[in-house]
Amino acid sequence: MYTFNPGPSEVYPEVRTYLTAAFDEGWLSAPHRGERFTGLVRQVIADMKTKLNIPQDYTIFFLNSATECWEVLAQSLTPNKSFHLYSGAFGEKWMEYAKALRPATTGQSFGVDELPSLDQIPQDADLVCITQNETSNATQLRDGFVLNLYNKLGPNALLAVDATSSLGGIQLKMIKADIWFASVQKCFGLPAGLGLMILSPRAVARFRQINERAHYNSLVSQYEKMLNYQTTHTPNVLDIYLLSRVLQDRQPIKTVHQHLLDRATKLYDYFDNATQLTPLVTNPETRSTTVIGLQGPPALIDEVKRRAKEQGLQLGNGYGNWKPNTLRVANFPAIPDAAYEQLVQFFAREFA
């Protein structure tokens, strides 16, 4: 069974070997304050910066999920309010999480085939927040937009980017934003349970100035622990170990990015010319590279998913408002090319 579910998604087949090694090497009971673990964290951070082109002066934190990152950012980097640009369910949920803690938070929605307007960004926001790759509707905000947005920020605003379904899959220009975060169960091809947050020196200086310490996962406390390659809490040691193995074995992000881009182009080319299922996003400039959304009548969507599963192909359900009439196809690095060849053959044979 190949799974194209966009999360939790297909894991690398090598994970079986990595898990056995983790057990044999004693990582499942390794003390998270010991030198062995801190050495592992030091190596993982170095490999992330090398393989993903993360600036050397950016700081990396380990959390439990990308969802936790929403809350931590509201707690530790938002004294007053944040402003959110969103086109889908996850961007809107982020805004709702932030608003629960900071009621002055506001946002602006935009369509799946649109780029958001930059004219209404409040100049007094602490954070301006975007979802770079909206998993719910297969949209993407590209580097040029992120740069333009960064240049429009108020004098004290930081730019925060949810890259949950793109970090590790496409090449992101980290220097163009202050905060990036993701989870490992998508483009890193690993089991769920580990979040990654990457902060610029400007963001580090800001949370140190704010000095919020009311929570176990406050950024000041996390930063002080990470100076010694530790966490404030007992972390997911197993997932950190698995991440280290994946990073060692994977190609640099430039190579991974080009592979996924080539594969996405072929998929979009095929479905642009299909007669029954068509891409949800019609504007090539806003289409995701890592999640392809397809739309059709609800009865057809159900039939496609059922028949695909019979052929050993598990397609992702639609999400939120798009659930009844869409399905999603993950284009993550862990999914082999053979799976996509089989997928296209299935559609050509069954739904041409």
# chains A, B, ... in the order shown; residues from 1 in each chain; ligands from 1
$ residues_around --residues "A:Leu260" --least-positions-apart "6" --cutoff "8 Å" --atoms "only C-alpha atoms" --output "PyMOL selection string"
chain A and resi 169-170+289-290+331-333
$ write_last_selection --atoms "all heavy atoms" --output "PDB file, in the first residue's frame"
ATOM      1  N   GLY A 169      11.140  19.656   2.208  1.00  0.00           N
ATOM      2  CA  GLY A 169      10.760  19.227   0.868  1.00  0.00           C
ATOM      3  C   GLY A 169      11.136  20.219  -0.203  1.00  0.00           C
ATOM      4  O   GLY A 169      11.515  19.835  -1.303  1.00  0.00           O
ATOM      5  N   ILE A 170      11.016  21.506   0.115  1.00  0.00           N
ATOM      6  CA  ILE A 170      11.392  22.530  -0.856  1.00  0.00           C
ATOM      7  C   ILE A 170      12.428  23.455  -0.232  1.00  0.00           C
ATOM      8  O   ILE A 170      12.554  23.549   0.987  1.00  0.00           O
ATOM      9  CB  ILE A 170      10.172  23.328  -1.361  1.00  0.00           C
ATOM     10  CG1 ILE A 170       9.540  24.142  -0.236  1.00  0.00           C
ATOM     11  CG2 ILE A 170       9.147  22.403  -1.991  1.00  0.00           C
ATOM     12  CD1 ILE A 170       8.435  25.057  -0.722  1.00  0.00           C
ATOM     13  N   THR A 289       3.800  22.737  -4.235  1.00  0.00           N
ATOM     14  CA  THR A 289       4.689  21.722  -4.797  1.00  0.00           C
ATOM     15  C   THR A 289       4.537  20.391  -4.065  1.00  0.00           C
ATOM     16  O   THR A 289       4.671  19.328  -4.668  1.00  0.00           O
ATOM     17  CB  THR A 289       6.152  22.181  -4.692  1.00  0.00           C
ATOM     18  OG1 THR A 289       6.303  23.427  -5.389  1.00  0.00           O
ATOM     19  CG2 THR A 289       7.113  21.153  -5.286  1.00  0.00           C
ATOM     20  N   THR A 290       4.220  20.438  -2.786  1.00  0.00           N
ATOM     21  CA  THR A 290       4.266  19.236  -1.956  1.00  0.00           C
ATOM     22  C   THR A 290       2.901  18.617  -1.661  1.00  0.00           C
ATOM     23  O   THR A 290       2.840  17.504  -1.140  1.00  0.00           O
ATOM     24  CB  THR A 290       4.970  19.537  -0.624  1.00  0.00           C
ATOM     25  OG1 THR A 290       4.317  20.659  -0.001  1.00  0.00           O
ATOM     26  CG2 THR A 290       6.434  19.848  -0.839  1.00  0.00           C
ATOM     27  N   ASN A 331       3.093  15.009  -2.113  1.00  0.00           N
ATOM     28  CA  ASN A 331       4.295  14.860  -2.941  1.00  0.00           C
ATOM     29  C   ASN A 331       5.496  15.074  -2.036  1.00  0.00           C
ATOM     30  O   ASN A 331       6.213  16.062  -2.138  1.00  0.00           O
ATOM     31  CB  ASN A 331       4.269  15.881  -4.091  1.00  0.00           C
ATOM     32  CG  ASN A 331       5.488  15.758  -4.996  1.00  0.00           C
ATOM     33  OD1 ASN A 331       6.068  14.689  -5.144  1.00  0.00           O
ATOM     34  ND2 ASN A 331       5.892  16.874  -5.599  1.00  0.00           N
ATOM     35  N   PHE A 332       5.696  14.120  -1.122  1.00  0.00           N
ATOM     36  CA  PHE A 332       6.740  14.214  -0.121  1.00  0.00           C
ATOM     37  C   PHE A 332       7.935  13.346  -0.516  1.00  0.00           C
ATOM     38  O   PHE A 332       7.785  12.353  -1.234  1.00  0.00           O
ATOM     39  CB  PHE A 332       6.211  13.786   1.247  1.00  0.00           C
ATOM     40  CG  PHE A 332       5.120  14.671   1.800  1.00  0.00           C
ATOM     41  CD1 PHE A 332       4.239  14.190   2.757  1.00  0.00           C
ATOM     42  CD2 PHE A 332       4.977  15.981   1.372  1.00  0.00           C
ATOM     43  CE1 PHE A 332       3.239  14.994   3.292  1.00  0.00           C
ATOM     44  CE2 PHE A 332       3.974  16.803   1.886  1.00  0.00           C
ATOM     45  CZ  PHE A 332       3.100  16.300   2.844  1.00  0.00           C
ATOM     46  N   PRO A 333       9.125  13.685  -0.032  1.00  0.00           N
ATOM     47  CA  PRO A 333      10.336  12.972  -0.458  1.00  0.00           C
ATOM     48  C   PRO A 333      10.330  11.468  -0.182  1.00  0.00           C
ATOM     49  O   PRO A 333      10.942  10.713  -0.945  1.00  0.00           O
ATOM     50  CB  PRO A 333      11.452  13.663   0.337  1.00  0.00           C
ATOM     51  CG  PRO A 333      10.929  15.029   0.613  1.00  0.00           C
ATOM     52  CD  PRO A 333       9.450  14.854   0.814  1.00  0.00           C
TER      53      PRO A 333
END
$ select_by_dssp --residues "stretch 65-153 of chain A" --states "helix (DSSP H, G or I)" --output "number ranges by chain"
A: 66-77, 89-101, 143-152
$ atom_distance --atom1 "atom CA of A:Ala138" --atom2 "atom CA of A:Arg287"
6.4 Å
$ closest_residue --among "A:Leu115, A:Ile253, A:Leu343, A:Ala66" --to "A:Lys266" --atoms "only C-alpha atoms"
A:Leu343
$ atom_distance --atom1 "atom CA of A:Val237" --atom2 "atom CA of A:Thr20"
14.4 Å
$ closest_atom_pairs --of "stretch 133-188 of chain A" --to "stretch 275-286 of chain A" --cutoff "12 Å" --atoms "only C-alpha atoms" --output "CSV"
residue,atom,partner,partner_atom,distance
A:Asn133,CA,A:Thr286,CA,9.5
A:Glu134,CA,A:Thr286,CA,10.2
A:Ser136,CA,A:Leu280,CA,11.0
A:Asn137,CA,A:Leu280,CA,7.5
A:Ala138,CA,A:Val281,CA,7.2
A:Thr139,CA,A:Thr286,CA,5.4
A:Gln140,CA,A:Thr286,CA,5.2
A:Leu141,CA,A:Thr286,CA,6.3
A:Arg142,CA,A:Thr286,CA,7.7
A:Asp143,CA,A:Glu285,CA,11.1
A:Gly144,CA,A:Glu285,CA,10.6
A:Phe145,CA,A:Glu285,CA,10.4
$ closest_residue --among "A:Tyr241, A:Phe61, A:Phe90, A:Trp180" --to "A:Leu227" --atoms "only C-alpha atoms"
A:Phe61
$ select_by_dssp --residues "stretch 191-348 of chain A" --states "strand (DSSP E or B)" --output "PDB file with N, CA, C and O atoms, in the first residue's frame"
ATOM      1  N   GLY A 195       8.189  18.484  16.718  1.00  0.00           N
ATOM      2  CA  GLY A 195       8.095  19.762  16.027  1.00  0.00           C
ATOM      3  C   GLY A 195       9.450  20.438  15.976  1.00  0.00           C
ATOM      4  O   GLY A 195      10.299  20.236  16.857  1.00  0.00           O
ATOM      5  N   LEU A 196       9.659  21.240  14.944  1.00  0.00           N
ATOM      6  CA  LEU A 196      10.911  21.970  14.751  1.00  0.00           C
ATOM      7  C   LEU A 196      10.588  23.454  14.634  1.00  0.00           C
ATOM      8  O   LEU A 196       9.698  23.846  13.877  1.00  0.00           O
ATOM      9  N   MET A 197      11.299  24.282  15.384  1.00  0.00           N
ATOM     10  CA  MET A 197      11.145  25.730  15.273  1.00  0.00           C
ATOM     11  C   MET A 197      12.512  26.360  15.036  1.00  0.00           C
ATOM     12  O   MET A 197      13.478  26.030  15.734  1.00  0.00           O
ATOM     13  N   ILE A 198      12.571  27.258  14.056  1.00  0.00           N
ATOM     14  CA  ILE A 198      13.830  27.871  13.636  1.00  0.00           C
ATOM     15  C   ILE A 198      13.676  29.381  13.751  1.00  0.00           C
ATOM     16  O   ILE A 198      12.787  29.969  13.127  1.00  0.00           O
ATOM     17  N   LEU A 199      14.526  30.022  14.549  1.00  0.00           N
ATOM     18  CA  LEU A 199      14.390  31.441  14.834  1.00  0.00           C
ATOM     19  C   LEU A 199      15.629  32.229  14.428  1.00  0.00           C
ATOM     20  O   LEU A 199      16.761  31.785  14.645  1.00  0.00           O
ATOM     21  N   THR A 278      -9.887  17.520 -11.605  1.00  0.00           N
ATOM     22  CA  THR A 278      -9.033  18.631 -12.029  1.00  0.00           C
ATOM     23  C   THR A 278      -8.403  19.274 -10.798  1.00  0.00           C
ATOM     24  O   THR A 278      -8.914  19.126  -9.677  1.00  0.00           O
ATOM     25  N   PRO A 279      -7.296  19.998 -10.966  1.00  0.00           N
ATOM     26  CA  PRO A 279      -6.662  20.636  -9.804  1.00  0.00           C
ATOM     27  C   PRO A 279      -7.590  21.621  -9.102  1.00  0.00           C
ATOM     28  O   PRO A 279      -8.306  22.396  -9.748  1.00  0.00           O
ATOM     29  N   ARG A 287      -0.063  27.319  -6.598  1.00  0.00           N
ATOM     30  CA  ARG A 287      -0.133  25.867  -6.392  1.00  0.00           C
ATOM     31  C   ARG A 287       1.019  25.361  -5.522  1.00  0.00           C
ATOM     32  O   ARG A 287       2.159  25.779  -5.680  1.00  0.00           O
ATOM     33  N   VAL A 291       1.816  19.333  -1.944  1.00  0.00           N
ATOM     34  CA  VAL A 291       0.469  18.781  -1.774  1.00  0.00           C
ATOM     35  C   VAL A 291      -0.355  19.175  -2.996  1.00  0.00           C
ATOM     36  O   VAL A 291      -0.507  20.361  -3.276  1.00  0.00           O
ATOM     37  N   ILE A 292      -0.868  18.190  -3.726  1.00  0.00           N
ATOM     38  CA  ILE A 292      -1.684  18.449  -4.915  1.00  0.00           C
ATOM     39  C   ILE A 292      -3.140  18.207  -4.548  1.00  0.00           C
ATOM     40  O   ILE A 292      -3.501  17.118  -4.091  1.00  0.00           O
ATOM     41  N   GLY A 293      -3.970  19.227  -4.700  1.00  0.00           N
ATOM     42  CA  GLY A 293      -5.391  19.102  -4.424  1.00  0.00           C
ATOM     43  C   GLY A 293      -6.174  18.877  -5.705  1.00  0.00           C
ATOM     44  O   GLY A 293      -5.965  19.583  -6.695  1.00  0.00           O
ATOM     45  N   LEU A 294      -7.066  17.896  -5.711  1.00  0.00           N
ATOM     46  CA  LEU A 294      -7.897  17.582  -6.872  1.00  0.00           C
ATOM     47  C   LEU A 294      -9.360  17.708  -6.485  1.00  0.00           C
ATOM     48  O   LEU A 294      -9.759  17.330  -5.382  1.00  0.00           O
ATOM     49  N   GLN A 295     -10.168  18.236  -7.407  1.00  0.00           N
ATOM     50  CA  GLN A 295     -11.578  18.452  -7.114  1.00  0.00           C
ATOM     51  C   GLN A 295     -12.475  17.730  -8.109  1.00  0.00           C
ATOM     52  O   GLN A 295     -12.084  17.463  -9.244  1.00  0.00           O
ATOM     53  N   LEU A 313      -3.465   2.065  -3.314  1.00  0.00           N
ATOM     54  CA  LEU A 313      -3.125   3.484  -3.330  1.00  0.00           C
ATOM     55  C   LEU A 313      -4.066   4.219  -2.372  1.00  0.00           C
ATOM     56  O   LEU A 313      -5.265   4.318  -2.629  1.00  0.00           O
ATOM     57  N   GLN A 314      -3.535   4.709  -1.271  1.00  0.00           N
ATOM     58  CA  GLN A 314      -4.360   5.429  -0.307  1.00  0.00           C
ATOM     59  C   GLN A 314      -4.225   6.918  -0.554  1.00  0.00           C
ATOM     60  O   GLN A 314      -3.162   7.508  -0.342  1.00  0.00           O
ATOM     61  N   GLY A 316      -5.312  10.984   0.049  1.00  0.00           N
ATOM     62  CA  GLY A 316      -5.676  11.804   1.192  1.00  0.00           C
ATOM     63  C   GLY A 316      -7.058  12.406   1.035  1.00  0.00           C
ATOM     64  O   GLY A 316      -7.453  12.821  -0.061  1.00  0.00           O
ATOM     65  N   ASN A 317      -7.812  12.472   2.120  1.00  0.00           N
ATOM     66  CA  ASN A 317      -9.125  13.101   2.097  1.00  0.00           C
ATOM     67  C   ASN A 317      -8.994  14.610   1.920  1.00  0.00           C
ATOM     68  O   ASN A 317      -7.951  15.201   2.224  1.00  0.00           O
ATOM     69  N   THR A 326     -13.056  17.281  -2.653  1.00  0.00           N
ATOM     70  CA  THR A 326     -11.643  17.257  -3.018  1.00  0.00           C
ATOM     71  C   THR A 326     -10.955  16.041  -2.409  1.00  0.00           C
ATOM     72  O   THR A 326     -11.442  15.433  -1.448  1.00  0.00           O
ATOM     73  N   LEU A 327      -9.810  15.724  -2.951  1.00  0.00           N
ATOM     74  CA  LEU A 327      -8.869  14.796  -2.341  1.00  0.00           C
ATOM     75  C   LEU A 327      -7.489  15.404  -2.485  1.00  0.00           C
ATOM     76  O   LEU A 327      -7.270  16.319  -3.282  1.00  0.00           O
ATOM     77  N   ARG A 328      -6.563  14.904  -1.688  1.00  0.00           N
ATOM     78  CA  ARG A 328      -5.208  15.466  -1.696  1.00  0.00           C
ATOM     79  C   ARG A 328      -4.177  14.372  -1.947  1.00  0.00           C
ATOM     80  O   ARG A 328      -4.316  13.251  -1.453  1.00  0.00           O
ATOM     81  N   VAL A 329      -3.156  14.732  -2.702  1.00  0.00           N
ATOM     82  CA  VAL A 329      -2.064  13.823  -3.033  1.00  0.00           C
ATOM     83  C   VAL A 329      -0.769  14.439  -2.505  1.00  0.00           C
ATOM     84  O   VAL A 329      -0.330  15.493  -2.985  1.00  0.00           O
ATOM     85  N   ALA A 330      -0.177  13.818  -1.501  1.00  0.00           N
ATOM     86  CA  ALA A 330       1.089  14.310  -0.974  1.00  0.00           C
ATOM     87  C   ALA A 330       2.213  14.038  -1.968  1.00  0.00           C
ATOM     88  O   ALA A 330       2.270  12.964  -2.576  1.00  0.00           O
TER      89      ALA A 330
END
$ decode --residues "stretch 261-289 of chain A" --atoms "N, CA and C atoms" --output "compact mmCIF listing (two decimals), in the first residue's frame"
# COMPACT_ATOMS: atom_id res chain seq x y z
N LEU A 261 9.78 19.21 -7.41
CA LEU A 261 9.24 20.16 -8.39
C LEU A 261 8.98 19.47 -9.73
N ASP A 262 9.92 18.66 -10.17
CA ASP A 262 9.74 17.92 -11.43
C ASP A 262 8.54 16.99 -11.33
N ARG A 263 8.40 16.33 -10.21
CA ARG A 263 7.31 15.38 -10.03
C ARG A 263 5.96 16.11 -9.96
N ALA A 264 5.93 17.24 -9.25
CA ALA A 264 4.69 18.02 -9.16
C ALA A 264 4.28 18.54 -10.53
N THR A 265 5.25 18.99 -11.32
CA THR A 265 4.95 19.51 -12.66
C THR A 265 4.30 18.44 -13.51
N LYS A 266 4.80 17.22 -13.45
CA LYS A 266 4.22 16.12 -14.22
C LYS A 266 2.79 15.82 -13.77
N LEU A 267 2.57 15.84 -12.46
CA LEU A 267 1.23 15.58 -11.95
C LEU A 267 0.25 16.67 -12.36
N TYR A 268 0.65 17.92 -12.21
CA TYR A 268 -0.24 19.01 -12.62
C TYR A 268 -0.50 18.99 -14.12
N ASP A 269 0.52 18.69 -14.90
CA ASP A 269 0.33 18.61 -16.35
C ASP A 269 -0.70 17.53 -16.70
N TYR A 270 -0.63 16.42 -16.00
CA TYR A 270 -1.58 15.34 -16.28
C TYR A 270 -3.00 15.77 -15.91
N PHE A 271 -3.19 16.29 -14.70
CA PHE A 271 -4.54 16.60 -14.25
C PHE A 271 -5.11 17.87 -14.89
N ASP A 272 -4.25 18.75 -15.37
CA ASP A 272 -4.75 19.91 -16.13
C ASP A 272 -5.46 19.47 -17.40
N ASN A 273 -5.10 18.30 -17.90
CA ASN A 273 -5.70 17.78 -19.13
C ASN A 273 -6.69 16.65 -18.87
N ALA A 274 -6.99 16.40 -17.59
CA ALA A 274 -7.94 15.35 -17.26
C ALA A 274 -9.37 15.85 -17.46
N THR A 275 -10.30 14.93 -17.57
CA THR A 275 -11.69 15.30 -17.83
C THR A 275 -12.59 15.18 -16.61
N GLN A 276 -12.18 14.39 -15.60
CA GLN A 276 -13.05 14.18 -14.45
C GLN A 276 -12.54 14.88 -13.20
N LEU A 277 -11.34 14.55 -12.77
CA LEU A 277 -10.73 15.25 -11.64
C LEU A 277 -9.79 16.32 -12.16
N THR A 278 -9.89 17.52 -11.61
CA THR A 278 -9.03 18.63 -12.03
C THR A 278 -8.40 19.27 -10.80
N PRO A 279 -7.30 20.00 -10.97
CA PRO A 279 -6.66 20.64 -9.80
C PRO A 279 -7.59 21.62 -9.10
N LEU A 280 -7.59 21.59 -7.78
CA LEU A 280 -8.36 22.54 -6.99
C LEU A 280 -7.85 23.96 -7.22
N VAL A 281 -6.54 24.12 -7.30
CA VAL A 281 -5.93 25.43 -7.49
C VAL A 281 -5.61 25.59 -8.97
N THR A 282 -6.22 26.59 -9.61
CA THR A 282 -6.04 26.77 -11.05
C THR A 282 -4.90 27.72 -11.38
N ASN A 283 -4.49 28.55 -10.43
CA ASN A 283 -3.41 29.51 -10.66
C ASN A 283 -2.07 28.83 -10.40
N PRO A 284 -1.23 28.65 -11.43
CA PRO A 284 0.07 27.99 -11.22
C PRO A 284 0.95 28.69 -10.19
N GLU A 285 0.75 30.00 -10.00
CA GLU A 285 1.59 30.75 -9.07
C GLU A 285 1.24 30.48 -7.61
N THR A 286 0.07 29.90 -7.35
CA THR A 286 -0.31 29.64 -5.96
C THR A 286 -0.45 28.15 -5.65
N ARG A 287 -0.06 27.32 -6.60
CA ARG A 287 -0.13 25.87 -6.39
C ARG A 287 1.02 25.36 -5.52
N SER A 288 0.68 24.43 -4.65
CA SER A 288 1.70 23.81 -3.81
C SER A 288 2.53 22.82 -4.61
N THR A 289 3.80 22.74 -4.23
CA THR A 289 4.69 21.72 -4.80
C THR A 289 4.54 20.39 -4.07
